[in-house]
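Q: Here it is, the structure, as structure tokens.
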Amino acid sequence: MISQLTVFLENEEGRLASAVRTIADANINMQALFLADTSDFGILRIFCDTPQKACDALTESGFRARLIDVVCVRVDNKPGELANLMDYLNDNNINVEYAHCFISGDYAFDVLKVNDASLDVKLAAAGFDVCKPEDVYVTD
Amino acid sequence: MFYQPELETMPREELEKLQLDRLKKLVKRVYERIPFYKESFDKAGVKPEDIQSLEDLQKFPFTTKQDLRDAYPFKMFAVGRDEVARIHCSSGTTGTATVVGYTKNDLDVWGDCFARFLYAADCDENAAIQVAYGYGLFTGGLGAHQGGENAGCTVLPMSTGNTKRQARLMHDFEVDCLCCTPSYALNIADVAIEMGYNPAEEFKVHAGILGAEPCSEAMRKDIETKLGIQVFDIYGLSEVMGPGVACECEKQNGLHVCEDHFLVEVVDPRTLQPVPDGEWGEVVFTTLSKECSPLIRYRTRDISRIITGECECGRTFRRMDRIAGRTDDMMIIRGVNVFPSQIEEEIVSFPEIAAQYQIILTTKGTLDHVELLVETVPDFPFDEVRRLEQLKKDLQKALKDNLQVAVDVKIVEPKTIERSEGKAVRIVDLREGLH
């Protein structure tokens, strides 16, 4: 499991800017950022260095932020890698709450939010390259 | 504990004799000294001598807030300026402020009324009380202050604001009782918890005498749990005196009206006819012993009822129920009568939602539109959109089912809703054609 920084944002002008400015001011580098939006709020999901420090900086600035455990699988940056992973989940009846992918260096990183605390062990046993926090970001 | 046992537990018959005696003198006095009452009694065809029993008061005309505004500033005073010891004003956010004067004796009576309930909360000369109502023209601060002094307590005159300091001193000075508005008590509790205290365990405070705004049963429980106290709902309004007109005893089953000083009636707000005990209506007060600003049948606009039966605490003063709303706070939304307290009851039944909220009324097309801003509690798992959407849907359904009004719930970021340091602004009415 790795830590994803999740921030609740109102759909108001300047909230996203203010959130990333807060992280920038704390001199923290981000690897990836995803924004899920609904009609009146957004959920910002971030992978960054020292996530606890980033979370504290946001909370101190009045944001509702918390760290969420997610599974991250490293795959080769080539066609079919994500499909293989999804097939495995589908075959094993594992429900995905949400997922996102990003590319860093020569690899692609597939992030999964599931309600199964042992998924990383299962995936590793099935031969997937499950990331440790230090594979993705500088840990706290 | 009783502060004035001979009065607070006086047999009803004796109490009613005292009331009638005071009422006769009062009616005569206002007729002679306040032109407004002479005119209003004459117009209604009643004379002071018509008071032969307490029921005879029902023949007399009411006094309204507008009457007090029209008397601005001092036309309702029954004493000369040399006898006026202090002046308070109602907040006056709408229209002219209403001015209330107090003689030295009035202030003493007020202090005694408040002190009775400090004693009910087990606070005597050994107790320290923290007054976190605003000090000034508003009656909360100085009313509680005087009550504390009359009861012999150690009084900490904090006023509102500087909430971290409120929490720190409550801890360091081993305060026994907090006096402020319920929303501010909750704010102090939250700030204390944020500062790393566990007030329920680490603070000596055991009671809160909270008033000046409505407090739902669920909000009361929230305050009681967080601070580890018993909350006593206190009632009063500046026009009648200030906090201490009525208050709960340790049984927390209705507010004992200080009937030696105030006659309470409950009337139907439409017909203005008295309703039987136990039925809801508008509360009307007559001040029996006030010297400077006496009132005959003052319509408070507060909705309550008389609780029938005797209280186990031993006080013989009748009890009124906790205020269910105000006739002028009542929102008419698409023709449906809605009190903010009803919305609050629904909100607090959701543990995922924090106690702060704001209702925003606007006009969409030709219809009223209600938006309710709420915050989730800090540990809510907001990472999943589904959970937030579900919470929103559940709350909307609960409001629709219980209020018959469609409410658009909006979950907002923490601290978006202004924290209260006095009376919280719960309703923002931006509807067209109302102003």
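Lettering and numbering for the structure tokens are positional, with chains as A, B, ... in the shown order, residues counted from 1 in each chain, and ligands counted from 1 in the shown order.
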Taking only C-alpha atoms into account, produce a table as CSV in which each residue of chain A with an atom at most 12 Å from an atom of chain B appears once, together with its shortest atom pair and the distance in Å to one decimal, ordered by chain and rising number.
A:
residue,atom,partner,partner_atom,distance
A:Gln4,CA,B:Asp383,CA,9.8
A:Leu5,CA,B:Asp383,CA,9.2
A:Thr6,CA,B:Asp383,CA,6.1
A:Val7,CA,B:Asp383,CA,7.7
A:Phe8,CA,B:Glu413,CA,6.8
A:Leu9,CA,B:Glu413,CA,6.5
A:Glu10,CA,B:Val412,CA,5.9
A:Asn11,CA,B:Val412,CA,9.0
A:Glu12,CA,B:Val412,CA,10.0
A:Arg15,CA,B:Glu413,CA,10.1
A:Leu35,CA,B:Val385,CA,11.2
A:Ala36,CA,B:Val385,CA,8.0
A:Asp37,CA,B:Val385,CA,8.7
A:Thr38,CA,B:Val385,CA,8.3
A:Ser39,CA,B:Lys410,CA,9.8
A:Asp40,CA,B:Lys410,CA,7.0
A:Phe41,CA,B:Ile411,CA,7.5
A:Gly42,CA,B:Val385,CA,8.5
A:Ile43,CA,B:Asp383,CA,6.9
A:Leu44,CA,B:Asp383,CA,8.6
A:Arg45,CA,B:Asp383,CA,8.3
A:Ile46,CA,B:Asp383,CA,11.4
A:Leu58,CA,B:Pro414,CA,11.8
A:Thr59,CA,B:Pro414,CA,9.8
A:Glu60,CA,B:Pro414,CA,11.4
A:Ser61,CA,B:Pro414,CA,10.6
A:Gly62,CA,B:Pro414,CA,6.8
A:Phe63,CA,B:Pro414,CA,6.8
A:Arg64,CA,B:Pro414,CA,6.4
A:Ala65,CA,B:Pro378,CA,8.9
A:Arg66,CA,B:Asp383,CA,8.2
A:Leu67,CA,B:Asp383,CA,9.0
A:Ile68,CA,B:Asp383,CA,7.5
A:Asp69,CA,B:Asp383,CA,10.4
A:Val70,CA,B:Asp383,CA,11.0
A:Val96,CA,B:Glu384,CA,11.4
A:Glu97,CA,B:Glu384,CA,7.7
A:Tyr98,CA,B:Glu384,CA,8.4
A:Ala99,CA,B:Glu384,CA,11.5
A:Lys113,CA,B:Glu384,CA,9.3
A:Val114,CA,B:Glu384,CA,10.8
A:Asn115,CA,B:Glu384,CA,11.3
Q: With N, CA and C atoms retained, write the just-selected residues as a tab-separated table (two decimals), in the first residue's frame.
A:
chain	number	residue	atom	x	y	z
A	4	GLN	N	-1.94	7.96	-0.66
A	4	GLN	CA	-2.47	8.96	-1.58
A	4	GLN	C	-3.02	10.11	-0.73
A	5	LEU	N	-2.69	11.32	-1.14
A	5	LEU	CA	-3.18	12.48	-0.41
A	5	LEU	C	-4.51	12.92	-1.05
A	6	THR	N	-5.59	12.88	-0.26
A	6	THR	CA	-6.90	13.25	-0.79
A	6	THR	C	-7.37	14.56	-0.14
A	7	VAL	N	-7.87	15.46	-0.97
A	7	VAL	CA	-8.31	16.77	-0.47
A	7	VAL	C	-9.73	17.04	-0.96
A	8	PHE	N	-10.59	17.45	-0.03
A	8	PHE	CA	-11.97	17.82	-0.38
A	8	PHE	C	-11.98	19.28	-0.82
A	9	LEU	N	-12.51	19.55	-2.01
A	9	LEU	CA	-12.54	20.92	-2.52
A	9	LEU	C	-13.96	21.31	-2.87
A	10	GLU	N	-14.32	22.52	-2.49
A	10	GLU	CA	-15.60	23.03	-2.96
A	10	GLU	C	-15.43	23.49	-4.40
A	11	ASN	N	-16.49	23.42	-5.18
A	11	ASN	CA	-16.42	23.95	-6.55
A	11	ASN	C	-16.48	25.47	-6.49
A	12	GLU	N	-15.40	26.05	-6.02
A	12	GLU	CA	-15.35	27.50	-5.92
A	12	GLU	C	-14.07	27.95	-6.61
A	15	ARG	N	-9.97	27.43	-5.51
A	15	ARG	CA	-9.68	26.43	-4.47
A	15	ARG	C	-8.56	25.47	-4.89
A	35	LEU	N	-8.26	14.89	-10.44
A	35	LEU	CA	-9.38	15.62	-9.84
A	35	LEU	C	-10.69	14.97	-10.27
A	36	ALA	N	-11.42	14.46	-9.31
A	36	ALA	CA	-12.75	13.93	-9.59
A	36	ALA	C	-13.73	15.05	-9.26
A	37	ASP	N	-14.61	15.40	-10.18
A	37	ASP	CA	-15.50	16.51	-9.88
A	37	ASP	C	-16.96	16.10	-9.97
A	38	THR	N	-17.77	16.73	-9.11
A	38	THR	CA	-19.22	16.59	-9.17
A	38	THR	C	-19.75	18.00	-9.31
A	39	SER	N	-21.07	18.16	-9.27
A	39	SER	CA	-21.61	19.50	-9.51
A	39	SER	C	-21.23	20.51	-8.44
A	40	ASP	N	-21.06	20.07	-7.19
A	40	ASP	CA	-20.71	21.10	-6.21
A	40	ASP	C	-19.44	20.85	-5.39
A	41	PHE	N	-18.79	19.75	-5.60
A	41	PHE	CA	-17.49	19.61	-4.94
A	41	PHE	C	-16.56	18.77	-5.80
A	42	GLY	N	-15.29	18.81	-5.46
A	42	GLY	CA	-14.29	18.02	-6.16
A	42	GLY	C	-13.46	17.25	-5.15
A	43	ILE	N	-12.95	16.09	-5.59
A	43	ILE	CA	-12.04	15.34	-4.74
A	43	ILE	C	-10.69	15.33	-5.46
A	44	LEU	N	-9.70	15.91	-4.81
A	44	LEU	CA	-8.37	16.01	-5.38
A	44	LEU	C	-7.54	14.86	-4.83
A	45	ARG	N	-6.91	14.09	-5.73
A	45	ARG	CA	-6.08	12.97	-5.27
A	45	ARG	C	-4.66	13.16	-5.81
A	46	ILE	N	-3.71	13.13	-4.91
A	46	ILE	CA	-2.34	13.54	-5.24
A	46	ILE	C	-1.34	12.48	-4.78
A	58	LEU	N	-1.69	21.25	4.35
A	58	LEU	CA	-3.03	21.55	3.86
A	58	LEU	C	-4.02	21.72	5.02
A	59	THR	N	-3.94	20.83	5.99
A	59	THR	CA	-4.86	20.90	7.13
A	59	THR	C	-4.67	22.21	7.88
A	60	GLU	N	-3.41	22.60	8.05
A	60	GLU	CA	-3.13	23.85	8.74
A	60	GLU	C	-3.70	25.05	7.99
A	61	SER	N	-3.74	24.93	6.66
A	61	SER	CA	-4.30	26.03	5.86
A	61	SER	C	-5.82	25.94	5.75
A	62	GLY	N	-6.42	25.03	6.50
A	62	GLY	CA	-7.89	24.98	6.54
A	62	GLY	C	-8.52	24.02	5.55
A	63	PHE	N	-7.71	23.23	4.85
A	63	PHE	CA	-8.29	22.24	3.92
A	63	PHE	C	-8.65	20.97	4.68
A	64	ARG	N	-9.64	20.26	4.15
A	64	ARG	CA	-9.93	18.95	4.70
A	64	ARG	C	-9.12	17.96	3.86
A	65	ALA	N	-8.03	17.44	4.44
A	65	ALA	CA	-7.11	16.56	3.71
A	65	ALA	C	-6.83	15.33	4.54
A	66	ARG	N	-6.64	14.20	3.89
A	66	ARG	CA	-6.23	13.01	4.62
A	66	ARG	C	-5.48	12.06	3.70
A	67	LEU	N	-4.73	11.12	4.32
A	67	LEU	CA	-3.97	10.14	3.54
A	67	LEU	C	-4.80	8.87	3.44
A	68	ILE	N	-4.83	8.32	2.23
A	68	ILE	CA	-5.61	7.12	1.96
A	68	ILE	C	-4.65	6.04	1.46
A	69	ASP	N	-4.83	4.82	1.97
A	69	ASP	CA	-4.02	3.71	1.48
A	69	ASP	C	-4.58	3.21	0.15
A	70	VAL	N	-3.73	3.14	-0.85
A	70	VAL	CA	-4.15	2.60	-2.14
A	70	VAL	C	-3.08	1.60	-2.61
A	96	VAL	N	-13.54	-2.48	-7.79
A	96	VAL	CA	-12.67	-1.30	-7.77
A	96	VAL	C	-13.51	-0.05	-7.48
A	97	GLU	N	-13.13	0.67	-6.44
A	97	GLU	CA	-13.84	1.92	-6.11
A	97	GLU	C	-13.48	2.99	-7.14
A	98	TYR	N	-12.20	3.15	-7.39
A	98	TYR	CA	-11.72	4.03	-8.47
A	98	TYR	C	-10.30	3.64	-8.81
A	99	ALA	N	-9.82	4.10	-9.96
A	99	ALA	CA	-8.46	3.77	-10.40
A	99	ALA	C	-7.90	4.92	-11.20
A	113	LYS	N	-8.10	1.76	-5.88
A	113	LYS	CA	-8.72	1.87	-4.55
A	113	LYS	C	-9.73	0.73	-4.44
A	114	VAL	N	-9.48	-0.18	-3.55
A	114	VAL	CA	-10.37	-1.34	-3.37
A	114	VAL	C	-10.64	-1.51	-1.89
A	115	ASN	N	-11.74	-2.15	-1.55
A	115	ASN	CA	-12.03	-2.43	-0.15
A	115	ASN	C	-11.53	-3.83	0.22
Q: Give me the residues within 9 Å of Leu178 of chain B as a ChimeraX atom specification, counting only C-alpha atoms and dropping any in the same chain fewer than 5 places off.
A: /B:128-132,170,185,205-210
Q: Restricted to all heavy atoms, what would the selected residues look like written as a CSV table (one decimal), in the first residue's frame?
A:
chain,number,residue,atom,x,y,z
B,128,ALA,N,-16.6,28.8,40.5
B,128,ALA,CA,-16.2,29.8,39.6
B,128,ALA,C,-17.0,29.7,38.3
B,128,ALA,O,-17.2,28.6,37.8
B,128,ALA,CB,-14.7,29.6,39.3
B,129,ILE,N,-17.5,30.8,37.9
B,129,ILE,CA,-18.2,30.8,36.6
B,129,ILE,C,-17.5,31.6,35.5
B,129,ILE,O,-16.9,32.6,35.8
B,129,ILE,CB,-19.7,31.2,36.8
B,129,ILE,CG1,-19.8,32.7,37.1
B,129,ILE,CG2,-20.4,30.4,37.8
B,129,ILE,CD1,-21.2,33.3,36.8
B,130,GLN,N,-17.6,31.1,34.3
B,130,GLN,CA,-17.0,31.8,33.2
B,130,GLN,C,-18.1,32.4,32.3
B,130,GLN,O,-18.9,31.6,31.8
B,130,GLN,CB,-16.2,30.8,32.4
B,130,GLN,CG,-15.5,31.3,31.1
B,130,GLN,CD,-14.5,30.4,30.6
B,130,GLN,OE1,-14.1,29.4,31.2
B,130,GLN,NE2,-14.0,30.6,29.4
B,131,VAL,N,-18.1,33.7,32.2
B,131,VAL,CA,-19.2,34.3,31.5
B,131,VAL,C,-18.7,34.7,30.1
B,131,VAL,O,-17.8,35.5,29.9
B,131,VAL,CB,-19.7,35.6,32.2
B,131,VAL,CG1,-20.8,36.2,31.3
B,131,VAL,CG2,-20.2,35.3,33.6
B,132,ALA,N,-19.1,33.9,29.1
B,132,ALA,CA,-18.6,34.1,27.7
B,132,ALA,C,-19.7,34.5,26.8
B,132,ALA,O,-19.8,34.3,25.6
B,132,ALA,CB,-18.0,32.8,27.2
B,170,MET,N,-10.5,28.2,31.2
B,170,MET,CA,-11.5,27.3,31.7
B,170,MET,C,-10.7,26.1,32.4
B,170,MET,O,-11.1,25.7,33.5
B,170,MET,CB,-12.4,26.7,30.6
B,170,MET,CG,-13.6,25.9,31.2
B,170,MET,SD,-14.6,25.2,29.9
B,170,MET,CE,-15.2,26.6,29.1
B,185,ALA,N,-20.6,27.7,23.2
B,185,ALA,CA,-20.2,26.6,24.1
B,185,ALA,C,-19.6,25.5,23.2
B,185,ALA,O,-18.5,24.9,23.5
B,185,ALA,CB,-21.3,26.1,24.9
B,205,VAL,N,-15.1,21.8,34.9
B,205,VAL,CA,-16.4,22.4,34.6
B,205,VAL,C,-17.5,21.3,34.6
B,205,VAL,O,-17.3,20.2,34.0
B,205,VAL,CB,-16.4,23.1,33.3
B,205,VAL,CG1,-16.1,22.2,32.1
B,205,VAL,CG2,-17.7,23.9,33.0
B,206,HIS,N,-18.6,21.5,35.3
B,206,HIS,CA,-19.6,20.5,35.4
B,206,HIS,C,-21.0,20.9,34.9
B,206,HIS,O,-21.9,20.2,34.8
B,206,HIS,CB,-19.7,20.0,36.9
B,206,HIS,CG,-20.5,20.9,37.8
B,206,HIS,ND1,-19.8,21.9,38.5
B,206,HIS,CD2,-21.8,21.1,38.1
B,206,HIS,CE1,-20.7,22.6,39.2
B,206,HIS,NE2,-21.9,22.1,38.9
B,207,ALA,N,-21.1,22.3,34.7
B,207,ALA,CA,-22.4,22.8,34.3
B,207,ALA,C,-22.2,23.9,33.2
B,207,ALA,O,-21.2,24.6,33.2
B,207,ALA,CB,-23.2,23.3,35.5
B,208,GLY,N,-23.2,24.0,32.3
B,208,GLY,CA,-23.3,25.1,31.4
B,208,GLY,C,-24.7,25.7,31.5
B,208,GLY,O,-25.7,25.0,31.4
B,209,ILE,N,-24.8,27.0,31.7
B,209,ILE,CA,-26.1,27.7,31.7
B,209,ILE,C,-26.1,28.4,30.4
B,209,ILE,O,-25.5,29.5,30.3
B,209,ILE,CB,-26.3,28.6,33.0
B,209,ILE,CG1,-26.2,27.7,34.2
B,209,ILE,CG2,-27.6,29.3,32.9
B,209,ILE,CD1,-26.5,28.4,35.5
B,210,LEU,N,-26.8,27.9,29.4
B,210,LEU,CA,-26.7,28.3,28.1
B,210,LEU,C,-28.0,28.9,27.6
B,210,LEU,O,-29.1,28.3,27.8
B,210,LEU,CB,-26.2,27.2,27.2
B,210,LEU,CG,-25.0,26.4,27.6
B,210,LEU,CD1,-24.6,25.3,26.6
B,210,LEU,CD2,-23.8,27.3,27.9
Q: Would you please work out which residue, of A:Ala54, A:Leu119, A:Leu112, A:Cys48, is nearest to Gln31 of chain A when using only C-alpha atoms?
A: A:Cys48
Q: Find the residue from B:Thr64, B:Ser159, B:Thr271, B:Thr225 that sits nearest to Phe36 of chain B; use only C-alpha atoms when measuring.
A: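 Result for the nearest residue to Phe36 of chain B: B:Thr64.
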Q: To test your reading of the structure, identify every residue in segment 243-422 of chain B that backbone DSSP assigns to helix (DSSP H, G or I), and report it as a list in words.
A: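 Result set for segment 243-422 of chain B (helix (DSSP H, G or I)): Pro340, Ser341, Gln342, Ile343, Glu344, Glu345, Glu346, Ile347, Val348, Val385, Arg386, Arg387, Leu388, Glu389, Gln390, Leu391, Lys392, Lys393, Asp394, Leu395, Gln396, Lys397, Ala398, Leu399, Lys400, Asp401, Asn402 and Leu403 of chain B.
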Q: Pull C-alpha atoms from the residues just selected and write them as an mmCIF file, in the first residue's frame.
A:
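Okay, this is what ended up in part-v1.cif:
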data_model
loop_
_atom_site.group_PDB
_atom_site.id
_atom_site.type_symbol
_atom_site.label_atom_id
_atom_site.label_comp_id
_atom_site.auth_asym_id
_atom_site.auth_seq_id
_atom_site.Cartn_x
_atom_site.Cartn_y
_atom_site.Cartn_z
ATOM 1 C CA PRO B 340 -34.660 26.344 11.881
ATOM 2 C CA SER B 341 -34.829 24.040 14.908
ATOM 3 C CA GLN B 342 -36.549 21.386 12.783
ATOM 4 C CA ILE B 343 -33.722 21.455 10.250
ATOM 5 C CA GLU B 344 -31.199 21.304 13.066
ATOM 6 C CA GLU B 345 -32.859 18.216 14.544
ATOM 7 C CA GLU B 346 -32.356 16.421 11.232
ATOM 8 C CA ILE B 347 -28.748 17.528 10.863
ATOM 9 C CA VAL B 348 -27.669 16.371 14.282
ATOM 10 C CA VAL B 385 -17.351 10.406 -4.032
ATOM 11 C CA ARG B 386 -20.007 7.723 -3.585
ATOM 12 C CA ARG B 387 -19.977 8.157 0.207
ATOM 13 C CA LEU B 388 -20.377 11.925 -0.063
ATOM 14 C CA GLU B 389 -23.160 11.642 -2.624
ATOM 15 C CA GLN B 390 -24.931 9.070 -0.474
ATOM 16 C CA LEU B 391 -24.698 11.260 2.621
ATOM 17 C CA LYS B 392 -26.084 14.199 0.690
ATOM 18 C CA LYS B 393 -28.945 12.083 -0.642
ATOM 19 C CA ASP B 394 -29.786 10.641 2.780
ATOM 20 C CA LEU B 395 -29.893 14.072 4.407
ATOM 21 C CA GLN B 396 -32.013 15.481 1.589
ATOM 22 C CA LYS B 397 -34.447 12.620 1.971
ATOM 23 C CA ALA B 398 -34.646 13.017 5.759
ATOM 24 C CA LEU B 399 -35.387 16.734 5.341
ATOM 25 C CA LYS B 400 -37.977 16.116 2.647
ATOM 26 C CA ASP B 401 -39.690 13.404 4.707
ATOM 27 C CA ASN B 402 -39.817 15.413 7.897
ATOM 28 C CA LEU B 403 -40.297 18.982 6.695
#
Q: DSSP says strand (DSSP E or B) for which residues of segment 189-382 of chain B? Put them as a PyMOL selection string?
A: chain B and resi 207-211+230-235+246-248+255-257+262-267+274+281-287+298-304+306-307+319-320+325-326+331-333+336-338+353-364+367-376
Q: Atom CA of Arg165 of chain B and atom CA of Cys153 of chain B, how far apart in Å?
A: 20.7 Å
Q: With a distance cut-off of 10 Å and only C-alpha atoms, select the neighbouring residues of Ala121 of chain B, excluding the residue or stretch itself and same-chain residues fewer than 5 positions from it, and output the selection as a PyMOL selection string.
A: chain B and resi 1-2+115-116+176-177+206-209+230-232+248-250
Q: Would you pick out the contacts of Ile306 of chain B at 10 Å or less, using only C-alpha atoms, so that residues sharing its chain but fewer than 6 positions from it are not included, and give the list as a PDB file with C-alpha atoms, in the first residue's frame?
A:
ATOM      1  CA  GLY B 254     -38.888  22.334  31.260  1.00  0.00           C
ATOM      2  CA  LEU B 255     -37.833  25.813  32.355  1.00  0.00           C
ATOM      3  CA  HIS B 256     -39.131  27.111  35.697  1.00  0.00           C
ATOM      4  CA  VAL B 257     -40.517  30.615  35.212  1.00  0.00           C
ATOM      5  CA  VAL B 264     -46.594  33.840  32.057  1.00  0.00           C
ATOM      6  CA  GLU B 265     -49.429  33.247  29.582  1.00  0.00           C
ATOM      7  CA  VAL B 266     -49.514  31.227  26.379  1.00  0.00           C
ATOM      8  CA  VAL B 275     -54.614  28.263  25.177  1.00  0.00           C
ATOM      9  CA  PRO B 276     -54.966  25.523  27.822  1.00  0.00           C
ATOM     10  CA  ASP B 277     -51.835  24.366  29.667  1.00  0.00           C
ATOM     11  CA  GLY B 278     -49.904  21.863  27.587  1.00  0.00           C
ATOM     12  CA  GLU B 279     -50.815  23.438  24.249  1.00  0.00           C
ATOM     13  CA  TRP B 280     -48.298  25.317  22.131  1.00  0.00           C
ATOM     14  CA  GLY B 281     -48.625  29.007  21.476  1.00  0.00           C
ATOM     15  CA  VAL B 283     -45.486  33.149  25.215  1.00  0.00           C
ATOM     16  CA  ARG B 318     -44.527  26.363  36.705  1.00  0.00           C
ATOM     17  CA  ARG B 319     -42.406  25.245  33.794  1.00  0.00           C
ATOM     18  CA  MET B 320     -42.478  26.302  30.177  1.00  0.00           C
ATOM     19  CA  ASP B 321     -41.155  23.988  27.500  1.00  0.00           C
ATOM     20  CA  ARG B 322     -37.961  24.757  25.618  1.00  0.00           C
TER      21      ARG B 322
END
Q: Could you list, as a PDB file with all heavy atoms, in the first residue's frame, every residue within 10 Å of Gly136 of chain B, counting only C-alpha atoms and ignoring same-chain residues fewer than 6 positions away?
A:
ATOM      1  N   ILE B  87     -28.906  50.841  31.401  1.00  0.00           N
ATOM      2  CA  ILE B  87     -29.752  50.679  30.212  1.00  0.00           C
ATOM      3  C   ILE B  87     -29.195  49.547  29.363  1.00  0.00           C
ATOM      4  O   ILE B  87     -27.976  49.442  29.181  1.00  0.00           O
ATOM      5  CB  ILE B  87     -29.804  51.995  29.397  1.00  0.00           C
ATOM      6  CG1 ILE B  87     -30.688  53.023  30.126  1.00  0.00           C
ATOM      7  CG2 ILE B  87     -30.326  51.748  27.985  1.00  0.00           C
ATOM      8  CD1 ILE B  87     -30.643  54.402  29.542  1.00  0.00           C
ATOM      9  N   HIS B  88     -30.081  48.686  28.892  1.00  0.00           N
ATOM     10  CA  HIS B  88     -29.701  47.686  27.882  1.00  0.00           C
ATOM     11  C   HIS B  88     -30.578  47.900  26.656  1.00  0.00           C
ATOM     12  O   HIS B  88     -31.655  48.503  26.739  1.00  0.00           O
ATOM     13  CB  HIS B  88     -29.919  46.258  28.412  1.00  0.00           C
ATOM     14  CG  HIS B  88     -28.831  45.792  29.326  1.00  0.00           C
ATOM     15  ND1 HIS B  88     -27.605  45.403  28.863  1.00  0.00           N
ATOM     16  CD2 HIS B  88     -28.779  45.668  30.683  1.00  0.00           C
ATOM     17  CE1 HIS B  88     -26.846  45.034  29.890  1.00  0.00           C
ATOM     18  NE2 HIS B  88     -27.527  45.198  31.015  1.00  0.00           N
ATOM     19  N   CYS B  89     -30.120  47.393  25.519  1.00  0.00           N
ATOM     20  CA  CYS B  89     -30.907  47.488  24.290  1.00  0.00           C
ATOM     21  C   CYS B  89     -30.970  46.108  23.666  1.00  0.00           C
ATOM     22  O   CYS B  89     -30.030  45.334  23.760  1.00  0.00           O
ATOM     23  CB  CYS B  89     -30.243  48.407  23.272  1.00  0.00           C
ATOM     24  SG  CYS B  89     -30.247  50.128  23.719  1.00  0.00           S
ATOM     25  N   LEU B 142     -23.746  40.896  31.114  1.00  0.00           N
ATOM     26  CA  LEU B 142     -23.906  41.505  32.428  1.00  0.00           C
ATOM     27  C   LEU B 142     -24.972  40.798  33.261  1.00  0.00           C
ATOM     28  O   LEU B 142     -24.884  40.785  34.489  1.00  0.00           O
ATOM     29  CB  LEU B 142     -24.207  42.992  32.280  1.00  0.00           C
ATOM     30  CG  LEU B 142     -22.952  43.791  31.900  1.00  0.00           C
ATOM     31  CD1 LEU B 142     -23.310  45.156  31.350  1.00  0.00           C
ATOM     32  CD2 LEU B 142     -22.020  43.933  33.107  1.00  0.00           C
ATOM     33  N   SER B 159     -16.378  37.691  28.375  1.00  0.00           N
ATOM     34  CA  SER B 159     -17.066  38.138  27.153  1.00  0.00           C
ATOM     35  C   SER B 159     -16.777  37.128  26.034  1.00  0.00           C
ATOM     36  O   SER B 159     -16.257  36.048  26.303  1.00  0.00           O
ATOM     37  CB  SER B 159     -16.643  39.549  26.775  1.00  0.00           C
ATOM     38  OG  SER B 159     -17.574  40.080  25.852  1.00  0.00           O
TER      39      SER B 159
END
